[in-house]
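So this block is run.cif, mmCIF, C-alpha atoms:
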```cif
data_final
loop_
_atom_site.label_atom_id
_atom_site.label_comp_id
_atom_site.auth_asym_id
_atom_site.auth_seq_id
_atom_site.Cartn_x
_atom_site.Cartn_y
_atom_site.Cartn_z
CA MET A 284 -13.90 14.37 -5.25
CA SER A 285 -17.29 15.32 -3.86
CA MET A 286 -17.89 11.58 -3.36
CA LEU A 287 -15.40 11.77 -0.48
CA ARG A 288 -17.46 14.23 1.58
CA ARG A 289 -17.94 12.87 5.09
CA ASP A 290 -21.68 13.48 5.18
CA ARG A 291 -22.04 11.11 2.25
CA LEU A 292 -19.53 8.47 3.28
CA VAL A 293 -20.73 8.12 6.87
CA ASN A 294 -24.14 7.05 5.57
CA THR A 295 -22.82 4.58 2.98
CA SER A 296 -19.73 2.93 4.47
CA ALA A 297 -20.49 -0.27 6.36
CA PRO A 298 -18.53 -1.76 9.26
CA LEU A 299 -16.28 -4.67 8.34
CA GLU A 300 -17.96 -7.96 9.17
CA ASP A 301 -15.96 -10.45 11.21
CA GLY A 302 -15.40 -13.02 8.46
CA PHE A 303 -14.49 -10.37 5.91
CA SER A 304 -12.16 -8.67 8.39
CA LEU A 305 -10.37 -11.96 9.08
CA TYR A 306 -9.88 -12.50 5.37
CA LEU A 307 -8.41 -9.03 4.98
CA ASP A 308 -5.99 -9.70 7.84
CA LEU A 309 -4.94 -12.97 6.20
CA VAL A 310 -4.42 -11.23 2.85
CA ARG A 311 -2.42 -8.48 4.56
CA PHE A 312 -0.04 -11.01 6.09
CA LEU A 313 0.38 -12.98 2.87
CA ALA A 314 1.10 -9.77 0.95
CA ALA A 315 3.68 -8.77 3.58
CA MET A 316 5.36 -12.16 3.20
CA CYS A 317 5.54 -11.69 -0.58
CA VAL A 318 7.30 -8.36 -0.01
CA PHE A 319 9.67 -9.91 2.53
CA ILE A 320 10.50 -12.93 0.38
CA GLY A 321 10.95 -10.79 -2.72
CA HIS A 322 13.46 -8.48 -1.10
CA ALA A 323 15.19 -11.32 0.72
CA THR A 324 16.02 -12.98 -2.58
CA GLU A 325 16.37 -9.90 -4.81
CA SER A 326 19.96 -8.96 -3.99
CA GLY A 327 21.07 -12.22 -2.42
CA SER A 328 22.05 -10.41 0.77
CA LEU A 329 19.64 -12.39 2.96
CA TYR A 330 19.06 -15.54 0.91
CA VAL A 331 20.56 -17.10 -2.20
CA GLY A 332 18.26 -19.43 -4.10
CA TYR A 333 14.61 -19.70 -5.05
CA LEU A 334 11.67 -18.98 -2.78
CA PRO A 335 8.07 -19.01 -4.07
CA PHE A 336 5.99 -15.83 -4.36
CA GLY A 337 8.99 -13.47 -4.37
CA ASN A 338 8.08 -12.28 -7.86
CA PHE A 339 4.87 -10.79 -6.47
CA LYS A 340 6.47 -8.24 -4.14
CA HIS A 341 5.35 -5.24 -6.21
CA ASP A 342 1.88 -6.69 -6.73
CA ALA A 343 1.70 -7.20 -2.96
CA VAL A 344 2.17 -3.45 -2.46
CA ILE A 345 -0.82 -2.85 -4.75
CA VAL A 346 -2.78 -5.22 -2.51
CA PHE A 347 -1.78 -3.04 0.44
CA PHE A 348 -3.03 0.08 -1.34
CA VAL A 349 -6.50 -1.36 -1.99
CA LEU A 350 -6.62 -2.77 1.55
CA SER A 351 -5.59 0.55 3.03
CA GLY A 352 -8.25 2.52 1.18
CA LEU A 353 -10.91 0.04 2.28
CA VAL A 354 -9.93 -0.10 5.94
CA ILE A 355 -9.17 3.61 6.34
CA CYS A 356 -12.51 4.59 4.79
CA ALA A 357 -14.42 2.05 6.91
CA THR A 358 -12.84 3.29 10.15
CA ALA A 359 -12.65 7.03 9.40
CA THR A 360 -16.34 7.26 8.54
CA ARG A 361 -17.62 5.67 11.74
CA PRO A 362 -20.02 7.89 13.71
CA GLY A 363 -18.16 10.09 16.15
CA GLU A 364 -14.91 10.05 14.20
CA THR A 365 -13.31 13.50 13.94
CA TRP A 366 -10.25 14.93 12.26
CA ILE A 367 -8.47 14.81 15.63
CA THR A 368 -9.12 11.09 16.16
CA TYR A 369 -8.26 10.44 12.49
CA LEU A 370 -4.99 12.35 12.71
CA THR A 371 -4.05 10.77 16.04
CA ALA A 372 -4.74 7.25 14.83
CA ARG A 373 -2.85 7.71 11.56
CA ALA A 374 0.15 9.45 13.14
CA SER A 375 0.53 6.93 15.95
CA ARG A 376 0.41 3.93 13.62
CA ILE A 377 2.63 5.42 10.93
CA TYR A 378 5.34 6.99 13.09
CA SER A 379 5.56 3.95 15.35
CA VAL A 380 6.92 2.17 12.27
CA ALA A 381 8.56 5.04 10.38
CA ILE A 382 10.81 6.40 13.14
CA PRO A 383 12.38 3.02 14.04
CA ALA A 384 12.70 2.19 10.31
CA VAL A 385 14.60 5.41 9.55
CA ALA A 386 16.79 5.03 12.62
CA LEU A 387 17.54 1.40 11.81
CA SER A 388 18.42 2.22 8.20
CA PHE A 389 21.00 4.83 9.11
CA GLY A 390 22.18 2.85 12.14
CA LEU A 391 22.92 -0.21 10.03
CA GLN A 392 24.62 1.95 7.43
CA ALA A 393 26.87 3.42 10.11
CA ILE A 394 27.72 -0.03 11.47
CA ALA A 395 28.48 -1.29 7.96
CA ALA A 396 30.72 1.71 7.27
CA PHE A 397 32.59 1.07 10.54
CA LEU A 398 33.07 -2.62 9.85
CA GLU A 399 33.81 -2.10 6.15
CA PRO A 400 35.15 1.45 5.54
CA GLY A 401 34.95 1.03 1.78
CA HIS A 402 31.20 0.52 1.92
CA SER A 403 29.36 2.96 -0.36
CA GLN A 404 27.90 6.03 1.34
CA PRO A 405 25.23 8.48 0.14
CA GLU A 406 26.25 11.86 -1.20
CA PRO A 407 27.14 14.43 1.49
CA SER A 408 24.07 16.54 0.69
CA ALA A 409 21.84 13.51 1.21
CA ASP A 410 23.21 13.10 4.74
CA VAL A 411 21.53 16.40 5.64
CA PHE A 412 18.23 16.18 3.78
CA LEU A 413 17.52 12.46 3.59
CA PRO A 414 16.45 11.84 7.24
CA PRO A 415 14.02 14.80 7.43
CA SER A 416 12.68 13.93 3.96
CA ALA A 417 12.04 10.41 5.18
CA ARG A 418 10.24 11.65 8.30
CA LEU A 419 8.10 13.96 6.13
CA PHE A 420 7.47 11.13 3.65
CA ILE A 421 8.58 13.14 0.60
CA LEU A 422 11.27 10.71 -0.57
CA GLN A 423 9.10 9.83 -3.59
CA SER A 424 7.85 13.36 -4.28
CA TRP A 425 9.17 14.77 -7.55
CA HIS A 426 12.72 13.47 -7.12
CA PRO A 427 12.79 9.80 -6.02
CA GLN A 428 15.18 8.93 -3.21
CA ALA A 429 15.67 5.87 -1.05
CA LEU A 430 16.77 5.19 2.48
CA PRO A 431 20.03 3.25 2.78
CA TRP A 432 19.25 -0.47 2.70
CA ASN A 433 15.52 0.14 2.98
CA GLY A 434 14.02 0.41 -0.48
CA PRO A 435 10.54 -0.80 0.65
CA TYR A 436 10.08 2.46 2.57
CA TRP A 437 8.80 3.96 -0.70
CA SER A 438 5.36 2.42 -0.25
CA LEU A 439 4.94 4.10 3.14
CA CYS A 440 5.58 7.48 1.51
CA TYR A 441 2.77 6.75 -0.95
CA GLU A 442 0.42 5.58 1.79
CA VAL A 443 0.94 8.61 4.01
CA TRP A 444 0.01 11.08 1.27
CA TYR A 445 -3.09 9.08 0.40
CA HIS A 446 -4.11 9.27 4.07
CA ILE A 447 -3.43 13.00 4.14
CA ILE A 448 -5.38 13.81 0.98
CA PHE A 449 -8.26 11.54 1.96
CA GLY A 450 -8.40 13.10 5.44
CA ILE A 451 -8.52 16.60 3.97
CA LEU A 452 -11.31 15.71 1.57
CA LEU A 453 -13.20 13.90 4.32
CA PHE A 454 -13.01 16.33 7.23
CA VAL A 455 -12.61 19.86 5.80
CA ARG A 456 -16.19 21.10 5.44
CA ASN A 457 -15.72 24.32 3.49
CA SER A 458 -15.53 23.28 -0.17
CA GLY A 459 -13.21 26.11 -1.15
CA TRP A 460 -10.71 25.38 1.59
CA ARG A 461 -11.09 21.64 1.08
CA ASN A 462 -10.16 21.79 -2.58
CA ALA A 463 -7.34 24.28 -2.05
CA VAL A 464 -5.69 22.36 0.80
CA ALA A 465 -6.11 19.04 -1.00
CA ALA A 466 -4.52 20.55 -4.12
CA CYS A 467 -1.55 21.77 -2.04
CA ALA A 468 -1.11 18.30 -0.55
CA ALA A 469 -1.32 16.75 -4.01
CA LEU A 470 1.29 19.19 -5.29
CA ILE A 471 3.69 18.20 -2.51
CA ALA A 472 3.02 14.50 -3.07
CA GLY A 473 3.98 14.76 -6.72
CA PRO A 474 2.87 13.01 -9.91
CA ALA A 475 4.34 9.56 -9.21
CA ILE A 476 2.42 9.19 -5.95
CA LEU A 477 -0.79 10.65 -7.38
CA LEU A 478 -0.64 8.28 -10.36
CA LEU A 479 -1.43 5.30 -8.11
CA PHE A 480 -4.00 7.13 -5.97
CA PRO A 481 -6.94 5.70 -7.98
CA ILE A 482 -5.85 2.23 -6.83
CA TRP A 483 -6.13 3.33 -3.20
CA LEU A 484 -9.53 4.83 -3.98
CA MET A 485 -10.71 1.44 -5.23
CA GLY A 486 -10.62 0.37 -1.60
CA VAL A 487 -12.62 3.45 -0.62
CA TRP A 488 -15.25 2.51 -3.19
CA ILE A 489 -15.52 -1.02 -1.78
CA ALA A 490 -15.99 0.39 1.72
CA GLN A 491 -18.88 2.50 0.44
CA LYS A 492 -20.53 -0.34 -1.46
CA PRO A 493 -19.54 -3.60 0.31
CA ARG A 494 -22.69 -5.36 -0.84
CA PHE A 495 -22.30 -4.41 -4.49
CA SER A 496 -23.41 -7.49 -6.40
CA LEU A 497 -21.17 -9.14 -8.97
CA GLY A 498 -23.89 -11.65 -9.77
CA PRO A 499 -25.01 -15.02 -8.41
CA LYS A 500 -22.83 -16.84 -5.88
CA ARG A 501 -21.38 -19.20 -8.48
CA ILE A 502 -20.15 -16.17 -10.42
CA ASN A 503 -18.59 -14.76 -7.26
CA PHE A 504 -16.80 -18.06 -6.62
CA ILE A 505 -15.42 -17.98 -10.16
CA ILE A 506 -14.28 -14.37 -9.74
CA PHE A 507 -12.78 -15.04 -6.32
CA PHE A 508 -10.57 -17.90 -7.47
CA GLY A 509 -10.08 -16.51 -10.97
CA THR A 510 -8.49 -13.28 -9.75
CA PHE A 511 -5.61 -15.23 -8.18
CA GLY A 512 -4.99 -16.95 -11.50
CA ALA A 513 -5.20 -13.68 -13.43
CA VAL A 514 -2.51 -12.05 -11.26
CA ALA A 515 -0.29 -15.12 -11.72
CA ILE A 516 -0.75 -14.98 -15.50
CA LEU A 517 0.15 -11.28 -15.60
CA ASP A 518 3.34 -12.06 -13.73
CA HIS A 519 4.20 -15.14 -15.80
CA LEU A 520 3.88 -13.23 -19.07
CA ASP A 521 6.05 -10.35 -17.78
CA ILE A 522 3.47 -7.89 -19.09
CA ALA A 523 4.43 -5.24 -16.53
CA ILE A 524 8.10 -5.36 -17.52
CA ARG A 525 7.32 -5.31 -21.25
CA LEU A 526 5.00 -2.32 -20.91
CA ARG A 527 7.48 -0.46 -18.71
CA PHE A 528 10.30 -0.84 -21.23
CA PHE A 529 7.99 0.13 -24.11
CA LEU A 530 6.80 3.30 -22.38
CA ALA A 531 10.33 4.19 -21.25
CA ALA A 532 11.49 3.95 -24.85
CA HIS A 533 8.71 6.19 -26.18
CA ILE A 534 8.04 8.72 -23.40
CA PRO A 535 10.83 11.15 -22.43
CA GLY A 536 11.39 11.33 -18.68
CA PHE A 537 9.24 8.26 -18.05
CA TRP A 538 11.91 6.97 -15.66
CA ARG A 539 10.96 9.74 -13.23
CA LEU A 540 7.84 7.77 -12.31
CA HIS A 541 10.17 5.26 -10.62
CA TYR A 542 7.96 2.92 -8.54
CA SER A 543 4.87 4.08 -10.48
CA ALA A 544 6.34 3.11 -13.86
CA ARG A 545 4.20 -0.05 -13.91
CA PHE A 546 1.01 1.96 -13.45
CA LEU A 547 -0.93 0.27 -16.28
CA THR A 548 -0.53 -3.23 -14.87
CA ASP A 549 -0.82 -1.80 -11.34
CA TYR A 550 -4.30 -0.58 -12.27
CA ALA A 551 -5.12 -4.06 -13.60
CA VAL A 552 -3.84 -5.75 -10.43
CA GLY A 553 -5.67 -3.22 -8.27
CA LEU A 554 -8.92 -3.97 -10.10
CA LEU A 555 -8.36 -7.72 -9.68
CA VAL A 556 -7.76 -7.23 -5.95
CA ALA A 557 -10.91 -5.14 -5.65
CA LEU A 558 -12.93 -7.80 -7.50
CA ASN A 559 -11.45 -10.47 -5.24
CA PHE A 560 -12.55 -8.61 -2.12
CA MET A 561 -16.06 -7.96 -3.44
CA ALA A 562 -16.46 -11.58 -4.55
CA PHE A 563 -15.26 -12.89 -1.19
CA TYR A 564 -17.70 -10.62 0.63
CA ALA A 565 -20.55 -12.28 -1.27
CA VAL A 566 -19.44 -15.85 -0.43
CA GLN A 567 -17.76 -15.32 2.94
CA GLU A 568 -20.19 -17.56 4.83
CA HIS A 569 -18.66 -20.57 3.03
CA PHE A 570 -15.27 -19.77 4.56
CA SER A 571 -16.43 -18.48 7.94
CA VAL A 572 -15.93 -21.72 9.90
CA ALA A 573 -12.32 -22.12 8.75
CA LEU A 574 -11.52 -18.45 9.28
CA ARG A 575 -13.03 -18.28 12.76
CA SER A 576 -11.26 -21.46 13.85
CA ALA A 577 -7.97 -19.81 12.95
CA ALA A 578 -9.01 -16.34 14.12
CA ARG A 579 -6.46 -16.07 16.93
CA ILE A 580 -3.56 -16.85 14.61
CA ILE A 581 -4.88 -14.66 11.80
CA ARG A 582 -5.34 -11.70 14.15
CA PHE A 583 -1.78 -12.10 15.41
CA LEU A 584 -0.09 -12.30 12.01
CA PRO A 585 -0.65 -8.67 10.85
CA ASP A 586 0.96 -7.39 14.06
CA ILE A 587 4.35 -8.57 12.79
CA ARG A 588 3.95 -7.26 9.24
CA PHE A 589 6.17 -4.23 9.89
CA LEU A 590 9.10 -6.65 10.08
CA CYS A 591 8.37 -7.62 6.50
CA ILE A 592 7.89 -4.12 5.08
CA CYS A 593 9.98 -1.39 6.67
CA PHE A 594 12.78 -3.26 8.41
CA ILE A 595 14.08 -5.12 5.36
CA THR A 596 17.76 -4.40 4.79
CA ARG A 597 18.76 -5.09 1.24
#
```
Would you mind writing the structure in this file as structure tokens?
Amino acid sequence: MSMLRRDRLVNTSAPLEDGFSLYLDLVRFLAAMCVFIGHATESGSLYVGYLPFGNFKHDAVIVFFVLSGLVICATATRPGETWITYLTARASRIYSVAIPAVALSFGLQAIAAFLEPGHSQPEPSADVFLPPSARLFILQSWHPQALPWNGPYWSLCYEVWYHIIFGILLFVRNSGWRNAVAACAALIAGPAILLLFPIWLMGVWIAQKPRFSLGPKRINFIIFFGTFGAVAILDHLDIAIRLRFFLAAHIPGFWRLHYSARFLTDYAVGLLVALNFMAFYAVQEHFSVALRSAARIIRFLPDIRFLCICFITR
């Protein structure tokens, strides 16, 4: 993890160029819509019927992980950034979504129980520990739990621990303390969350080497469009589901990985997303006119993404 030392990253990470930043915002919104559509159709509680792209809701979360690593690294390594500004920025953005999401989950559950007394309720012990666990983002640590009617909250728990571990490795200067504190944070996060951490770090790597060459421009165009097709093929062939069932049948306790049980195909999707971003960076000038003409709309779209992620009642 020495690659995450601030003195190294601050000299290698480049600011996000305008065209590239607009593309990332557009991808963020489209991924959020995949999550929203997927959960809207999954249980039939919000919509009954077919909507396109709903099958990609889990892949969309992997997109978020790579995006998050890229953006967090690019912003946290700017000159003048300190652990105080990093902590303040992360806490304000995360809790502004997390607190209303937790309150809404339990509020809707209470309303449903009042209107329909026979509605299923969590175990009595969960009533005590579930809200603080949600606010501490340990719902997915060691023993997976879920908020009532808000399954998508799991991805926020993953994200928060990636931010915490990255911040420790970035800002704690003493190597002994840095490794010890990071190890403690990793221990709290648990194996399921840590298993997908390399996907988040793919974004960090892109932020360090944004101009890494994948070859001539024609190769980058092929990679850029080809990665979309590759993700679609993975989904069409149900490779993630087949691998998950195979591993569950051969590895005792595999079910404990819960949302990380598709880690093999998650790594593949994460790599495809990373390749897509790097390829786009190399050919972004060919899309700059279209992106800048729609800049106002694109910049607005990510501001409503929380509606598609944390406020989805299933």
Once 5 Å is added on each side, what centre and edge lengths in Å to one decimal does the axis-aligned box around all listed atoms of segment 531-543 of chain A have, as AutoDock Vina command-line options?
```
--center_x 8.4 --center_y 7.1 --center_z -17.4 --size_x 17.0 --size_y 18.4 --size_z 27.6
```
Quiz item: Contacts of Ala472 of chain A at 10 Å or less, counting all atoms listed in the file, minus same-chain residues fewer than 5 places along, as a list in words?
Solution: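 The contact residues come out as Phe420, Ile421, Leu422, Gln423, Ser424, Trp425, Cys440, Tyr441, Val443, Trp444, Tyr445, Ile447, Ile448, Ala466, Cys467 and Leu477 of chain A.
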Can you write out the residues you just picked, keeping C-alpha atoms, as a CSV table (one decimal), in the frame of the given file?
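That gives us part.csv:
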```csv
chain,number,residue,atom,x,y,z
A,420,PHE,CA,7.5,11.1,3.6
A,421,ILE,CA,8.6,13.1,0.6
A,422,LEU,CA,11.3,10.7,-0.6
A,423,GLN,CA,9.1,9.8,-3.6
A,424,SER,CA,7.8,13.4,-4.3
A,425,TRP,CA,9.2,14.8,-7.6
A,440,CYS,CA,5.6,7.5,1.5
A,441,TYR,CA,2.8,6.8,-1.0
A,443,VAL,CA,0.9,8.6,4.0
A,444,TRP,CA,0.0,11.1,1.3
A,445,TYR,CA,-3.1,9.1,0.4
A,447,ILE,CA,-3.4,13.0,4.1
A,448,ILE,CA,-5.4,13.8,1.0
A,466,ALA,CA,-4.5,20.6,-4.1
A,467,CYS,CA,-1.6,21.8,-2.0
A,477,LEU,CA,-0.8,10.6,-7.4
```
Exercise. Could you check how far atom CA of Gly302 of chain A sits from atom CA of Ala562 of chain A, in Å to one decimal?
Key: 13.1 Å
Quiz item: Separation of atom CA of Thr360 of chain A and atom CA of Leu299 of chain A, in Å?
Solution: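 Atom CA of Thr360 of chain A sits 11.9 Å away from atom CA of Leu299 of chain A.
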Quiz item: Of the candidates A:Val318, A:Leu497, A:Ala393, A:Val310, which one gets nearest to Pro431 of chain A if we count only C-alpha atoms?
Solution: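 Nearest to Pro431 of chain A: A:Ala393.
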Self-check item: Pro481 of chain A surroundings by only C-alpha atoms, 10 Å radius, close-in-sequence under 6 positions cut, as a list in words
Solution: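 The filter keeps Phe348, Val349, Gly352, Tyr445, Val487, Tyr550 and Gly553 of chain A.
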Quiz item: Please, what distance in Å, to one decimal, runs between atom CA of Thr548 of chain A and atom CA of Asp308 of chain A?
Solution: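 Atom CA of Thr548 of chain A sits 24.2 Å away from atom CA of Asp308 of chain A.
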Quiz item: Of the residues A:Leu526, A:Cys356, A:Val572, A:Tyr542, which is the one nearest to Ala429 of chain A, using only C-alpha atoms?
Solution: A:Tyr542
Quiz item: Smallest atom-to-atom distance to Leu555 of chain A: which of A:Phe480, A:Phe570, A:Phe508, A:Phe529, using all atoms listed in the file?
Solution: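 Of the candidates, the smallest distance to Leu555 of chain A is held by A:Phe508.
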Quiz item: Any chance you could work out the residue set of the PyMOL selection byres ((chain A and resi 362-367) around 9) here, as a list in words?
Solution: Val293, Thr358, Ala359, Thr360, Arg361, Thr368, Tyr369, Leu370, Thr371, Ala372, Gly450, Ile451, Leu453, Phe454 and Val455 of chain A
Practice problem: Give me the result of the PyMOL selection byres ((chain A and resi 517) around 12) on this file, residue by residue, as JSON, numbers by chain. | Solution: {"A": [338, 339, 342, 510, 511, 512, 513, 514, 515, 516, 518, 519, 520, 521, 522, 523, 524, 525, 526, 547, 548, 549, 551, 552, 555]}
Take the selection from the previous step and output its residues with C-alpha atoms, as a short mmCIF file (atom, residue, chain, number, x, y, z; two decimals), in the frame of the given file.
```cif
data_model
loop_
_atom_site.label_atom_id
_atom_site.label_comp_id
_atom_site.auth_asym_id
_atom_site.auth_seq_id
_atom_site.Cartn_x
_atom_site.Cartn_y
_atom_site.Cartn_z
CA ASN A 338 8.08 -12.28 -7.86
CA PHE A 339 4.87 -10.79 -6.47
CA ASP A 342 1.88 -6.69 -6.73
CA THR A 510 -8.49 -13.28 -9.75
CA PHE A 511 -5.61 -15.23 -8.18
CA GLY A 512 -4.99 -16.95 -11.50
CA ALA A 513 -5.20 -13.68 -13.43
CA VAL A 514 -2.51 -12.05 -11.26
CA ALA A 515 -0.29 -15.12 -11.72
CA ILE A 516 -0.75 -14.98 -15.50
CA ASP A 518 3.34 -12.06 -13.73
CA HIS A 519 4.20 -15.14 -15.80
CA LEU A 520 3.88 -13.23 -19.07
CA ASP A 521 6.05 -10.35 -17.78
CA ILE A 522 3.47 -7.89 -19.09
CA ALA A 523 4.43 -5.24 -16.53
CA ILE A 524 8.10 -5.36 -17.52
CA ARG A 525 7.32 -5.31 -21.25
CA LEU A 526 5.00 -2.32 -20.91
CA LEU A 547 -0.93 0.27 -16.28
CA THR A 548 -0.53 -3.23 -14.87
CA ASP A 549 -0.82 -1.80 -11.34
CA ALA A 551 -5.12 -4.06 -13.60
CA VAL A 552 -3.84 -5.75 -10.43
CA LEU A 555 -8.36 -7.72 -9.68
#
```
Self-check item: Selection under test: the PyMOL selection byres ((chain A and resi 414) around 12); residues as number ranges by chain
Solution: A: 381-390, 405, 408-413, 415-422, 428-431
For C-alpha atoms, I'd like the residues from the last selection saved as a PDB file, keeping the file's coordinate frame.
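The resulting file, part_20.pdb, is shown below:
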```
ATOM      1  CA  ALA A 381       8.560   5.040  10.380  1.00  0.00           C
ATOM      2  CA  ILE A 382      10.810   6.400  13.140  1.00  0.00           C
ATOM      3  CA  PRO A 383      12.380   3.020  14.040  1.00  0.00           C
ATOM      4  CA  ALA A 384      12.700   2.190  10.310  1.00  0.00           C
ATOM      5  CA  VAL A 385      14.600   5.410   9.550  1.00  0.00           C
ATOM      6  CA  ALA A 386      16.790   5.030  12.620  1.00  0.00           C
ATOM      7  CA  LEU A 387      17.540   1.400  11.810  1.00  0.00           C
ATOM      8  CA  SER A 388      18.420   2.220   8.200  1.00  0.00           C
ATOM      9  CA  PHE A 389      21.000   4.830   9.110  1.00  0.00           C
ATOM     10  CA  GLY A 390      22.180   2.850  12.140  1.00  0.00           C
ATOM     11  CA  PRO A 405      25.230   8.480   0.140  1.00  0.00           C
ATOM     12  CA  SER A 408      24.070  16.540   0.690  1.00  0.00           C
ATOM     13  CA  ALA A 409      21.840  13.510   1.210  1.00  0.00           C
ATOM     14  CA  ASP A 410      23.210  13.100   4.740  1.00  0.00           C
ATOM     15  CA  VAL A 411      21.530  16.400   5.640  1.00  0.00           C
ATOM     16  CA  PHE A 412      18.230  16.180   3.780  1.00  0.00           C
ATOM     17  CA  LEU A 413      17.520  12.460   3.590  1.00  0.00           C
ATOM     18  CA  PRO A 415      14.020  14.800   7.430  1.00  0.00           C
ATOM     19  CA  SER A 416      12.680  13.930   3.960  1.00  0.00           C
ATOM     20  CA  ALA A 417      12.040  10.410   5.180  1.00  0.00           C
ATOM     21  CA  ARG A 418      10.240  11.650   8.300  1.00  0.00           C
ATOM     22  CA  LEU A 419       8.100  13.960   6.130  1.00  0.00           C
ATOM     23  CA  PHE A 420       7.470  11.130   3.650  1.00  0.00           C
ATOM     24  CA  ILE A 421       8.580  13.140   0.600  1.00  0.00           C
ATOM     25  CA  LEU A 422      11.270  10.710  -0.570  1.00  0.00           C
ATOM     26  CA  GLN A 428      15.180   8.930  -3.210  1.00  0.00           C
ATOM     27  CA  ALA A 429      15.670   5.870  -1.050  1.00  0.00           C
ATOM     28  CA  LEU A 430      16.770   5.190   2.480  1.00  0.00           C
ATOM     29  CA  PRO A 431      20.030   3.250   2.780  1.00  0.00           C
TER      30      PRO A 431
END
```
Quiz prompt | Nearest residue to Ser438 of chain A from the set A:Ile345, A:Leu305, A:Leu540, A:Ile502 (distances using all atoms listed in the file) | solution =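 Nearest candidate to Ser438 of chain A out of A:Ile345, A:Leu305, A:Leu540, A:Ile502: A:Ile345.
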Exercise. Counting only C-alpha atoms, figure out which residue out of A:Leu350, A:Leu558, A:Ala573, A:Val344 gets nearest to Gly321 of chain A.
Key: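 The closest residue to Gly321 of chain A is A:Val344.
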